[in-house]
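Colleague: This is the structure I have questions about; it appears just below.
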Amino acid sequence: MKVVFVLFLGLWLLLQAASAQQVEAANAAAGTELPFKISHGFLIVVEGQVGPLSKLRFILDTGTSHTIVDRGIARKLGIRGVPSRLLTMRQTFETESAIFTDVRFGPIHATNVPLVIANLSSFSENTGW
């Protein structure tokens, strides 16, 4: 069975949620812990939920500024974004952007989070997820 996952690139979600979105006060309290595992020797992986879809894998990458959700997750939620482009140092990717009303990972909960939607199936295949 293919495991569905969400690729979270960066702590951007936390920063975005803290600065422009509603974050539950209890989750933002000092001392909150976020359980994680290390995968492939370098990926920080936490379990999370987007809308009603739970048991998703989030990868935290502290060196990026965009949060990306797999297109399959967005479609399961009935979310169709607006066309957009993701620019990196080496190339440009055609993506979509949309607002996700409910995102959770560990004890963190954010609402109305703007995310990038992209096809992450090749990443899934390369990591074995």
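Each chain of the structure tokens is named A, B, ... in the order shown, its residues numbered from 1; ligands are numbered from 1 in display order.
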Between region 92-117 of chain A and region 66-83 of chain A, at 12 Å or less, what are the per-residue closest atom pairs and their distances in Å? Count only C-alpha atoms, order by chain and rising residue number, and return it as a Markdown table.
Modeller:
```
| residue | atom | partner | partner_atom | distance |
| --- | --- | --- | --- | --- |
| A:Phe93 | CA | A:Pro83 | CA | 10.7 |
| A:Glu94 | CA | A:Pro83 | CA | 7.4 |
| A:Thr95 | CA | A:Pro83 | CA | 6.0 |
| A:Glu96 | CA | A:Pro83 | CA | 4.4 |
| A:Ser97 | CA | A:Gly81 | CA | 4.8 |
| A:Ala98 | CA | A:Gly81 | CA | 4.6 |
| A:Ile99 | CA | A:Gly81 | CA | 8.0 |
| A:Phe100 | CA | A:Ile79 | CA | 8.1 |
| A:Thr101 | CA | A:Ile79 | CA | 10.3 |
| A:Asp102 | CA | A:Leu77 | CA | 11.0 |
| A:Val103 | CA | A:Val69 | CA | 10.8 |
| A:Val113 | CA | A:Thr67 | CA | 9.6 |
| A:Pro114 | CA | A:Thr67 | CA | 8.3 |
| A:Leu115 | CA | A:Thr67 | CA | 5.5 |
| A:Val116 | CA | A:Ile68 | CA | 4.7 |
| A:Ile117 | CA | A:Val69 | CA | 5.0 |
```
Colleague: Can you spit out the residues from that selection as a short mmCIF file (atom, residue, chain, number, x, y, z; two decimals), in the first residue's frame, using all heavy atoms?
Modeller:
```
data_model
loop_
_atom_site.label_atom_id
_atom_site.label_comp_id
_atom_site.auth_asym_id
_atom_site.auth_seq_id
_atom_site.Cartn_x
_atom_site.Cartn_y
_atom_site.Cartn_z
N PHE A 93 9.48 25.76 -11.33
CA PHE A 93 8.49 24.69 -11.34
C PHE A 93 7.10 25.29 -11.47
O PHE A 93 6.78 26.27 -10.80
CB PHE A 93 8.55 23.88 -10.04
CG PHE A 93 9.84 23.18 -9.81
CD1 PHE A 93 10.85 23.76 -9.06
CD2 PHE A 93 10.07 21.92 -10.35
CE1 PHE A 93 12.05 23.10 -8.85
CE2 PHE A 93 11.26 21.25 -10.15
CZ PHE A 93 12.26 21.85 -9.40
N GLU A 94 6.29 24.67 -12.32
CA GLU A 94 4.89 25.06 -12.44
C GLU A 94 4.14 24.39 -11.29
O GLU A 94 4.18 23.17 -11.14
CB GLU A 94 4.31 24.61 -13.78
CG GLU A 94 5.00 25.25 -14.99
CD GLU A 94 4.85 26.76 -15.03
OE1 GLU A 94 3.79 27.28 -14.65
OE2 GLU A 94 5.82 27.42 -15.45
N THR A 95 3.48 25.17 -10.47
CA THR A 95 2.78 24.66 -9.30
C THR A 95 1.40 25.31 -9.20
O THR A 95 0.98 26.02 -10.11
CB THR A 95 3.58 24.96 -8.01
OG1 THR A 95 3.69 26.37 -7.86
CG2 THR A 95 4.96 24.34 -8.05
N GLU A 96 0.76 25.09 -8.09
CA GLU A 96 -0.48 25.77 -7.74
C GLU A 96 -0.32 26.30 -6.32
O GLU A 96 0.53 25.83 -5.57
CB GLU A 96 -1.66 24.79 -7.77
CG GLU A 96 -1.93 24.16 -9.11
CD GLU A 96 -3.00 23.07 -9.00
OE1 GLU A 96 -3.88 23.15 -8.12
OE2 GLU A 96 -2.94 22.14 -9.81
N SER A 97 -1.13 27.27 -5.97
CA SER A 97 -1.14 27.79 -4.60
C SER A 97 -2.58 27.76 -4.10
O SER A 97 -3.51 28.01 -4.87
CB SER A 97 -0.63 29.22 -4.56
OG SER A 97 0.71 29.27 -4.97
N ALA A 98 -2.75 27.47 -2.81
CA ALA A 98 -4.09 27.41 -2.23
C ALA A 98 -4.00 27.62 -0.73
O ALA A 98 -2.93 27.50 -0.12
CB ALA A 98 -4.76 26.08 -2.54
N ILE A 99 -5.15 27.92 -0.14
CA ILE A 99 -5.26 28.05 1.31
C ILE A 99 -5.79 26.73 1.86
O ILE A 99 -6.82 26.22 1.41
CB ILE A 99 -6.23 29.19 1.70
CG1 ILE A 99 -5.76 30.53 1.10
CG2 ILE A 99 -6.39 29.27 3.21
CD1 ILE A 99 -4.45 31.03 1.65
N PHE A 100 -5.09 26.17 2.83
CA PHE A 100 -5.51 24.95 3.50
C PHE A 100 -6.04 25.35 4.88
O PHE A 100 -5.33 26.00 5.65
CB PHE A 100 -4.35 23.96 3.62
CG PHE A 100 -3.99 23.31 2.31
CD1 PHE A 100 -3.36 24.04 1.31
CD2 PHE A 100 -4.32 22.00 2.07
CE1 PHE A 100 -3.05 23.46 0.09
CE2 PHE A 100 -4.01 21.40 0.85
CZ PHE A 100 -3.38 22.13 -0.13
N THR A 101 -7.28 24.97 5.14
CA THR A 101 -7.95 25.47 6.34
C THR A 101 -7.47 24.85 7.65
O THR A 101 -7.61 25.47 8.70
CB THR A 101 -9.48 25.27 6.23
OG1 THR A 101 -9.74 23.88 6.05
CG2 THR A 101 -10.06 26.07 5.08
N ASP A 102 -6.90 23.65 7.60
CA ASP A 102 -6.53 22.98 8.85
C ASP A 102 -5.29 22.13 8.63
O ASP A 102 -5.33 21.16 7.88
CB ASP A 102 -7.70 22.10 9.32
CG ASP A 102 -7.42 21.46 10.67
OD1 ASP A 102 -6.96 22.16 11.59
OD2 ASP A 102 -7.68 20.25 10.80
N VAL A 103 -4.19 22.49 9.28
CA VAL A 103 -2.94 21.75 9.17
C VAL A 103 -2.43 21.50 10.59
O VAL A 103 -2.35 22.42 11.40
CB VAL A 103 -1.89 22.52 8.36
CG1 VAL A 103 -0.57 21.76 8.29
CG2 VAL A 103 -2.41 22.84 6.96
N VAL A 113 -3.77 28.27 6.08
CA VAL A 113 -2.35 28.33 5.74
C VAL A 113 -2.17 28.32 4.23
O VAL A 113 -2.65 27.41 3.56
CB VAL A 113 -1.60 27.12 6.35
CG1 VAL A 113 -0.12 27.20 6.05
CG2 VAL A 113 -1.84 27.06 7.85
N PRO A 114 -1.48 29.32 3.66
CA PRO A 114 -1.20 29.30 2.22
C PRO A 114 -0.08 28.30 1.92
O PRO A 114 1.00 28.38 2.51
CB PRO A 114 -0.76 30.74 1.91
CG PRO A 114 -0.30 31.28 3.21
CD PRO A 114 -1.01 30.54 4.30
N LEU A 115 -0.35 27.34 1.03
CA LEU A 115 0.63 26.32 0.69
C LEU A 115 0.77 26.20 -0.83
O LEU A 115 -0.13 26.55 -1.57
CB LEU A 115 0.21 24.95 1.25
CG LEU A 115 -0.01 24.86 2.75
CD1 LEU A 115 -0.51 23.48 3.13
CD2 LEU A 115 1.27 25.17 3.50
N VAL A 116 1.90 25.67 -1.25
CA VAL A 116 2.16 25.37 -2.66
C VAL A 116 1.74 23.92 -2.90
O VAL A 116 2.00 23.05 -2.06
CB VAL A 116 3.66 25.57 -2.99
CG1 VAL A 116 3.97 25.09 -4.40
CG2 VAL A 116 4.05 27.03 -2.80
N ILE A 117 1.11 23.66 -4.04
CA ILE A 117 0.70 22.31 -4.41
C ILE A 117 1.56 21.87 -5.59
O ILE A 117 1.66 22.59 -6.59
CB ILE A 117 -0.79 22.28 -4.83
CG1 ILE A 117 -1.67 22.76 -3.69
CG2 ILE A 117 -1.18 20.88 -5.30
CD1 ILE A 117 -3.11 23.02 -4.10
#
```
Colleague: With a distance cut-off of 9 Å and only C-alpha atoms, select the neighbouring residues of Leu43 (chain A), excluding the residue or stretch itself and same-chain residues fewer than 2 positions from it, and output the selection as a PyMOL selection string.
Modeller: chain A and resi 37-41+45+59-61
Colleague: Name the residues of region 56-117 of chain A that come out as strand (DSSP E or B) in a backbone DSSP run; write them as a PyMOL selection string.
Modeller: chain A and resi 56-60+68-70+82-87+92-105+108-117
Colleague: Rounded to one decimal, what separation in Å do you get between CA of Ala110 (chain A) and CA of Gly63 (chain A)?
Modeller: 20.4 Å
